[in-house]
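Report on one structure; see the data block that follows.
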Amino acid sequence: MPPMLGQIGAIILIAGTSLLGILALLLALYGLMIAFNAIGHILAASGSRRWIEVKGQVSTSQVVEIKPRRKFPFSDARIFAPQLQYSYAPERQEITGQQLNFDPIPSFFMPIAGFEQRASQQIVERFPAGTEVAVYYDPNDINKAVLERSTPNTTIYVVTGLLLVFIGSAGALVCWELLKSFLNF
């Protein structure tokens, strides 16, 4: 333990370092969650290469504003997303789908990383209502379908996740070494 700190100072130093170490580990776990989520979407998109292609038709194509589940302080940002609905008929059974692709943005990111209005508008313009489209559906579950067998944004999520793992792990290691030196073990 560093000399001249006193008992209360030492307790505060050890508690603070421990708390920082825990926060660093949580950051690393959060990074793992982001990276694994993106990798899962990459694998799902890869598996969809074996899905069956059928003709479908877009019935709804519009840009909608999403109301966040919770209000973020100091944020009046408006969040927009494309809302697509299409129908397809595998095995002569009419089914409605809404999934565009395998975008890795999970729902808990939506308040932070929602689509910009312009990006949403571009998607809506690519798939206007009434347009005939190729629909790819899972032969094992005909209710699972996409219009694009792609994974946009995955590289940034994998890199960000791994970067958070690295920063969090390094921070936790530094805190551990500090605690060891404070406690002399």
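Going by the structure tokens order, chains are called A, B, ..., each with residues numbered from 1, while ligands are numbered from 1 in the order shown.
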
Could you give me, as JSON lines, every range 109-154 of chain A residue with an atom at most 10 Å from range 54-65 of chain A, plus its closest atom pair and distance in Å to one decimal, counting only C-alpha atoms, rows ordered by chain then number?
{"residue": "A:Gly114", "atom": "CA", "partner": "A:Glu65", "partner_atom": "CA", "distance": 9.7}
{"residue": "A:Phe115", "atom": "CA", "partner": "A:Glu65", "partner_atom": "CA", "distance": 9.5}
{"residue": "A:Glu116", "atom": "CA", "partner": "A:Glu65", "partner_atom": "CA", "distance": 9.9}
{"residue": "A:Gln117", "atom": "CA", "partner": "A:Val63", "partner_atom": "CA", "distance": 7.4}
{"residue": "A:Arg118", "atom": "CA", "partner": "A:Val63", "partner_atom": "CA", "distance": 9.3}
{"residue": "A:Ala119", "atom": "CA", "partner": "A:Val63", "partner_atom": "CA", "distance": 9.7}
{"residue": "A:Ser120", "atom": "CA", "partner": "A:Val63", "partner_atom": "CA", "distance": 6.1}
{"residue": "A:Gln121", "atom": "CA", "partner": "A:Val63", "partner_atom": "CA", "distance": 6.2}
{"residue": "A:Gln122", "atom": "CA", "partner": "A:Val63", "partner_atom": "CA", "distance": 9.6}
{"residue": "A:Ile123", "atom": "CA", "partner": "A:Ser61", "partner_atom": "CA", "distance": 8.8}
{"residue": "A:Val124", "atom": "CA", "partner": "A:Ser61", "partner_atom": "CA", "distance": 5.5}
{"residue": "A:Glu125", "atom": "CA", "partner": "A:Ser61", "partner_atom": "CA", "distance": 8.2}
{"residue": "A:Arg126", "atom": "CA", "partner": "A:Ser61", "partner_atom": "CA", "distance": 9.4}
{"residue": "A:Phe127", "atom": "CA", "partner": "A:Ser61", "partner_atom": "CA", "distance": 6.7}
{"residue": "A:Pro128", "atom": "CA", "partner": "A:Ser61", "partner_atom": "CA", "distance": 5.6}
{"residue": "A:Ala129", "atom": "CA", "partner": "A:Val58", "partner_atom": "CA", "distance": 4.9}
{"residue": "A:Gly130", "atom": "CA", "partner": "A:Val58", "partner_atom": "CA", "distance": 5.3}
{"residue": "A:Thr131", "atom": "CA", "partner": "A:Val58", "partner_atom": "CA", "distance": 5.5}
{"residue": "A:Glu132", "atom": "CA", "partner": "A:Gln57", "partner_atom": "CA", "distance": 4.5}
{"residue": "A:Val133", "atom": "CA", "partner": "A:Gly56", "partner_atom": "CA", "distance": 5.1}
{"residue": "A:Ala134", "atom": "CA", "partner": "A:Lys55", "partner_atom": "CA", "distance": 4.9}
{"residue": "A:Val135", "atom": "CA", "partner": "A:Val54", "partner_atom": "CA", "distance": 5.3}
{"residue": "A:Tyr136", "atom": "CA", "partner": "A:Val54", "partner_atom": "CA", "distance": 6.5}
{"residue": "A:Tyr137", "atom": "CA", "partner": "A:Val54", "partner_atom": "CA", "distance": 7.9}
{"residue": "A:Leu147", "atom": "CA", "partner": "A:Gly56", "partner_atom": "CA", "distance": 9.2}

Those residues you just picked out, can you put them in a file as an mmCIF file, in the first residue's frame with C-alpha atoms?
data_model
loop_
_atom_site.group_PDB
_atom_site.id
_atom_site.type_symbol
_atom_site.label_atom_id
_atom_site.label_comp_id
_atom_site.auth_asym_id
_atom_site.auth_seq_id
_atom_site.Cartn_x
_atom_site.Cartn_y
_atom_site.Cartn_z
ATOM 1 C CA GLY A 114 -31.428 4.519 -36.058
ATOM 2 C CA PHE A 115 -31.571 5.071 -39.755
ATOM 3 C CA GLU A 116 -31.179 8.584 -41.008
ATOM 4 C CA GLN A 117 -34.139 9.857 -42.924
ATOM 5 C CA ARG A 118 -32.163 10.027 -46.185
ATOM 6 C CA ALA A 119 -30.864 6.436 -45.881
ATOM 7 C CA SER A 120 -34.384 5.222 -45.121
ATOM 8 C CA GLN A 121 -35.731 7.142 -48.099
ATOM 9 C CA GLN A 122 -33.165 5.483 -50.380
ATOM 10 C CA ILE A 123 -34.326 2.042 -49.265
ATOM 11 C CA VAL A 124 -37.986 2.977 -49.806
ATOM 12 C CA GLU A 125 -37.125 4.279 -53.286
ATOM 13 C CA ARG A 126 -35.441 0.947 -54.140
ATOM 14 C CA PHE A 127 -38.558 -0.976 -53.084
ATOM 15 C CA PRO A 128 -41.630 1.148 -53.933
ATOM 16 C CA ALA A 129 -45.101 -0.220 -53.195
ATOM 17 C CA GLY A 130 -46.481 -2.310 -56.033
ATOM 18 C CA THR A 131 -43.037 -3.434 -57.238
ATOM 19 C CA GLU A 132 -42.344 -7.080 -57.983
ATOM 20 C CA VAL A 133 -39.301 -8.257 -55.998
ATOM 21 C CA ALA A 134 -37.227 -11.353 -55.407
ATOM 22 C CA VAL A 135 -37.956 -12.780 -51.952
ATOM 23 C CA TYR A 136 -35.638 -15.309 -50.326
ATOM 24 C CA TYR A 137 -37.261 -17.605 -47.769
ATOM 25 C CA LEU A 147 -35.396 -9.154 -49.757
#

Give me the residues near range 22-39 of chain A as a PDB file with C-alpha atoms, in the first residue's frame, where near means some atom within 10 Å (using only C-alpha atoms) and where sequence neighbours in that chain fewer than 3 positions away do not count.
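Writing done, so here's selection.pdb:
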ATOM      1  CA  GLY A  16     -12.196   3.173  -6.718  1.00  0.00           C
ATOM      2  CA  THR A  17      -9.704   0.964  -8.518  1.00  0.00           C
ATOM      3  CA  SER A  18     -11.947  -2.062  -7.986  1.00  0.00           C
ATOM      4  CA  LEU A  19     -14.943  -0.181  -9.363  1.00  0.00           C
ATOM      5  CA  ILE A  42     -23.045 -12.696 -40.865  1.00  0.00           C
ATOM      6  CA  LEU A  43     -23.607 -16.425 -40.344  1.00  0.00           C
ATOM      7  CA  ALA A  44     -27.366 -16.033 -40.853  1.00  0.00           C
ATOM      8  CA  ALA A  45     -26.808 -14.160 -44.110  1.00  0.00           C
ATOM      9  CA  PHE A 102     -29.631  -9.234 -41.917  1.00  0.00           C
ATOM     10  CA  ASP A 103     -28.682  -5.829 -40.521  1.00  0.00           C
ATOM     11  CA  PRO A 104     -26.980  -6.370 -37.153  1.00  0.00           C
ATOM     12  CA  ILE A 105     -28.480  -3.334 -35.425  1.00  0.00           C
ATOM     13  CA  PRO A 106     -30.304  -4.887 -32.464  1.00  0.00           C
ATOM     14  CA  THR A 151     -25.365  -7.894 -43.820  1.00  0.00           C
ATOM     15  CA  PRO A 152     -24.803  -4.142 -44.041  1.00  0.00           C
ATOM     16  CA  ASN A 153     -22.847  -2.476 -41.249  1.00  0.00           C
ATOM     17  CA  THR A 154     -21.353  -5.709 -39.914  1.00  0.00           C
ATOM     18  CA  THR A 155     -17.706  -4.720 -40.302  1.00  0.00           C
ATOM     19  CA  ILE A 156     -18.132  -1.606 -38.179  1.00  0.00           C
ATOM     20  CA  TYR A 157     -19.938  -3.593 -35.467  1.00  0.00           C
ATOM     21  CA  VAL A 158     -17.351  -6.374 -35.358  1.00  0.00           C
ATOM     22  CA  VAL A 159     -14.474  -3.858 -35.245  1.00  0.00           C
ATOM     23  CA  THR A 160     -16.220  -1.710 -32.620  1.00  0.00           C
ATOM     24  CA  GLY A 161     -17.020  -4.762 -30.504  1.00  0.00           C
ATOM     25  CA  LEU A 162     -13.459  -6.065 -30.633  1.00  0.00           C
ATOM     26  CA  LEU A 163     -12.083  -2.596 -29.885  1.00  0.00           C
ATOM     27  CA  LEU A 164     -14.295  -2.378 -26.792  1.00  0.00           C
ATOM     28  CA  VAL A 165     -13.107  -5.850 -25.739  1.00  0.00           C
ATOM     29  CA  PHE A 166      -9.490  -4.725 -26.089  1.00  0.00           C
ATOM     30  CA  ILE A 167      -9.984  -1.425 -24.226  1.00  0.00           C
ATOM     31  CA  GLY A 168     -12.050  -3.046 -21.473  1.00  0.00           C
ATOM     32  CA  SER A 169      -9.612  -5.925 -21.030  1.00  0.00           C
ATOM     33  CA  ALA A 170      -6.621  -3.577 -20.930  1.00  0.00           C
ATOM     34  CA  GLY A 171      -8.386  -1.369 -18.386  1.00  0.00           C
ATOM     35  CA  ALA A 172      -9.282  -4.351 -16.208  1.00  0.00           C
ATOM     36  CA  LEU A 173      -5.700  -5.627 -16.380  1.00  0.00           C
ATOM     37  CA  VAL A 174      -4.308  -2.239 -15.354  1.00  0.00           C
ATOM     38  CA  CYS A 175      -6.752  -2.079 -12.440  1.00  0.00           C
ATOM     39  CA  TRP A 176      -5.793  -5.617 -11.387  1.00  0.00           C
TER      40      TRP A 176
END

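When only C-alpha atoms are used to compute distances to Ile95 in chain A, the closest of the residues A:Lys144, A:Arg149, A:Arg78, A:Arg49 turns out to be A:Lys144.
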
Quick one: residues within 6 Å of Asn101 in chain A, only C-alpha atoms counted, chain neighbours fewer than 5 positions away excluded, as a compact mmCIF listing (two decimals) with N, CA and C atoms, in the first residue's frame?
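In the end it all went to out-v2.txt:
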# COMPACT_ATOMS: atom_id res chain seq x y z
N VAL A 146 -36.30 -12.60 -46.50
CA VAL A 146 -35.63 -11.32 -46.67
C VAL A 146 -35.68 -10.93 -48.14
N GLU A 148 -33.03 -8.95 -49.27
CA GLU A 148 -31.60 -8.92 -49.58
C GLU A 148 -30.88 -9.89 -48.66
N ARG A 149 -30.03 -10.73 -49.23
CA ARG A 149 -29.27 -11.67 -48.41
C ARG A 149 -27.93 -11.05 -48.05
N SER A 150 -27.98 -9.90 -47.43
CA SER A 150 -26.75 -9.17 -47.10
C SER A 150 -26.73 -8.79 -45.63

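Shortest atom-to-atom contact with Thr96 in chain A among A:Leu179, A:Ala81, A:Ile8, A:Ile142: A:Ile142, counting only C-alpha atoms.
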
For this session: Select from range 12-87 of chain A everything DSSP, run on the backbone, classes as helix (DSSP H, G or I), then give the selection as a PyMOL selection string.
Result: chain A and resi 12-50

Include N, CA and C atoms and write out the residues we just selected as a short mmCIF file (atom, residue, chain, number, x, y, z; two decimals), in the first residue's frame.
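After the write, again_15.cif holds the following:
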data_model
loop_
_atom_site.label_atom_id
_atom_site.label_comp_id
_atom_site.auth_asym_id
_atom_site.auth_seq_id
_atom_site.Cartn_x
_atom_site.Cartn_y
_atom_site.Cartn_z
N ILE A 12 -10.45 4.18 -0.05
CA ILE A 12 -11.06 4.86 -1.20
C ILE A 12 -10.32 4.50 -2.48
N LEU A 13 -8.99 4.47 -2.42
CA LEU A 13 -8.18 4.13 -3.59
C LEU A 13 -8.46 2.71 -4.07
N ILE A 14 -8.51 1.78 -3.13
CA ILE A 14 -8.77 0.38 -3.47
C ILE A 14 -10.19 0.21 -4.01
N ALA A 15 -11.16 0.84 -3.36
CA ALA A 15 -12.55 0.74 -3.81
C ALA A 15 -12.72 1.36 -5.20
N GLY A 16 -12.10 2.51 -5.41
CA GLY A 16 -12.20 3.17 -6.72
C GLY A 16 -11.55 2.35 -7.82
N THR A 17 -10.39 1.80 -7.53
CA THR A 17 -9.70 0.96 -8.52
C THR A 17 -10.51 -0.30 -8.81
N SER A 18 -11.10 -0.88 -7.78
CA SER A 18 -11.95 -2.06 -7.99
C SER A 18 -13.16 -1.73 -8.85
N LEU A 19 -13.78 -0.60 -8.59
CA LEU A 19 -14.94 -0.18 -9.36
C LEU A 19 -14.56 0.05 -10.82
N LEU A 20 -13.43 0.72 -11.05
CA LEU A 20 -12.97 0.94 -12.42
C LEU A 20 -12.69 -0.40 -13.12
N GLY A 21 -12.13 -1.34 -12.39
CA GLY A 21 -11.87 -2.66 -12.96
C GLY A 21 -13.15 -3.36 -13.36
N ILE A 22 -14.16 -3.26 -12.52
CA ILE A 22 -15.47 -3.87 -12.83
C ILE A 22 -16.09 -3.20 -14.05
N LEU A 23 -16.02 -1.87 -14.11
CA LEU A 23 -16.56 -1.15 -15.27
C LEU A 23 -15.81 -1.52 -16.55
N ALA A 24 -14.50 -1.70 -16.44
CA ALA A 24 -13.71 -2.11 -17.60
C ALA A 24 -14.12 -3.50 -18.07
N LEU A 25 -14.35 -4.41 -17.14
CA LEU A 25 -14.82 -5.75 -17.52
C LEU A 25 -16.20 -5.71 -18.18
N LEU A 26 -17.07 -4.86 -17.66
CA LEU A 26 -18.40 -4.71 -18.28
C LEU A 26 -18.29 -4.15 -19.70
N LEU A 27 -17.36 -3.23 -19.91
CA LEU A 27 -17.13 -2.70 -21.24
C LEU A 27 -16.66 -3.80 -22.19
N ALA A 28 -15.76 -4.65 -21.70
CA ALA A 28 -15.28 -5.78 -22.51
C ALA A 28 -16.42 -6.74 -22.83
N LEU A 29 -17.27 -7.02 -21.87
CA LEU A 29 -18.42 -7.92 -22.11
C LEU A 29 -19.39 -7.31 -23.11
N TYR A 30 -19.62 -6.02 -23.01
CA TYR A 30 -20.48 -5.32 -23.95
C TYR A 30 -19.90 -5.42 -25.37
N GLY A 31 -18.59 -5.25 -25.48
CA GLY A 31 -17.92 -5.40 -26.77
C GLY A 31 -18.09 -6.79 -27.34
N LEU A 32 -17.97 -7.81 -26.48
CA LEU A 32 -18.18 -9.19 -26.92
C LEU A 32 -19.61 -9.38 -27.44
N MET A 33 -20.55 -8.81 -26.74
CA MET A 33 -21.95 -8.93 -27.13
C MET A 33 -22.17 -8.30 -28.51
N ILE A 34 -21.61 -7.13 -28.74
CA ILE A 34 -21.75 -6.46 -30.04
C ILE A 34 -21.11 -7.30 -31.15
N ALA A 35 -19.89 -7.77 -30.91
CA ALA A 35 -19.17 -8.54 -31.93
C ALA A 35 -19.90 -9.85 -32.23
N PHE A 36 -20.32 -10.58 -31.19
CA PHE A 36 -21.02 -11.85 -31.43
C PHE A 36 -22.36 -11.64 -32.13
N ASN A 37 -23.05 -10.56 -31.80
CA ASN A 37 -24.31 -10.26 -32.47
C ASN A 37 -24.07 -10.05 -33.97
N ALA A 38 -23.05 -9.27 -34.31
CA ALA A 38 -22.75 -9.03 -35.73
C ALA A 38 -22.31 -10.31 -36.43
N ILE A 39 -21.49 -11.10 -35.77
CA ILE A 39 -21.04 -12.37 -36.36
C ILE A 39 -22.23 -13.31 -36.58
N GLY A 40 -23.17 -13.32 -35.64
CA GLY A 40 -24.38 -14.13 -35.82
C GLY A 40 -25.17 -13.72 -37.05
N HIS A 41 -25.23 -12.42 -37.31
CA HIS A 41 -25.93 -11.94 -38.50
C HIS A 41 -25.17 -12.31 -39.77
N ILE A 42 -23.85 -12.29 -39.71
CA ILE A 42 -23.04 -12.70 -40.86
C ILE A 42 -23.31 -14.17 -41.17
N LEU A 43 -23.34 -15.00 -40.15
CA LEU A 43 -23.61 -16.43 -40.34
C LEU A 43 -25.02 -16.66 -40.87
N ALA A 44 -25.99 -15.90 -40.37
CA ALA A 44 -27.37 -16.03 -40.85
C ALA A 44 -27.46 -15.65 -42.33
N ALA A 45 -26.79 -14.58 -42.71
CA ALA A 45 -26.81 -14.16 -44.11
C ALA A 45 -26.12 -15.20 -44.98
N SER A 46 -25.04 -15.76 -44.48
CA SER A 46 -24.34 -16.81 -45.23
C SER A 46 -25.24 -18.04 -45.42
N GLY A 47 -25.96 -18.41 -44.38
CA GLY A 47 -26.88 -19.54 -44.47
C GLY A 47 -28.04 -19.28 -45.41
N SER A 48 -28.39 -18.01 -45.59
CA SER A 48 -29.52 -17.69 -46.47
C SER A 48 -29.18 -17.88 -47.94
N ARG A 49 -27.94 -18.13 -48.26
CA ARG A 49 -27.55 -18.41 -49.65
C ARG A 49 -28.24 -19.69 -50.15
N ARG A 50 -28.65 -20.54 -49.23
CA ARG A 50 -29.34 -21.78 -49.59
C ARG A 50 -30.87 -21.62 -49.56
#
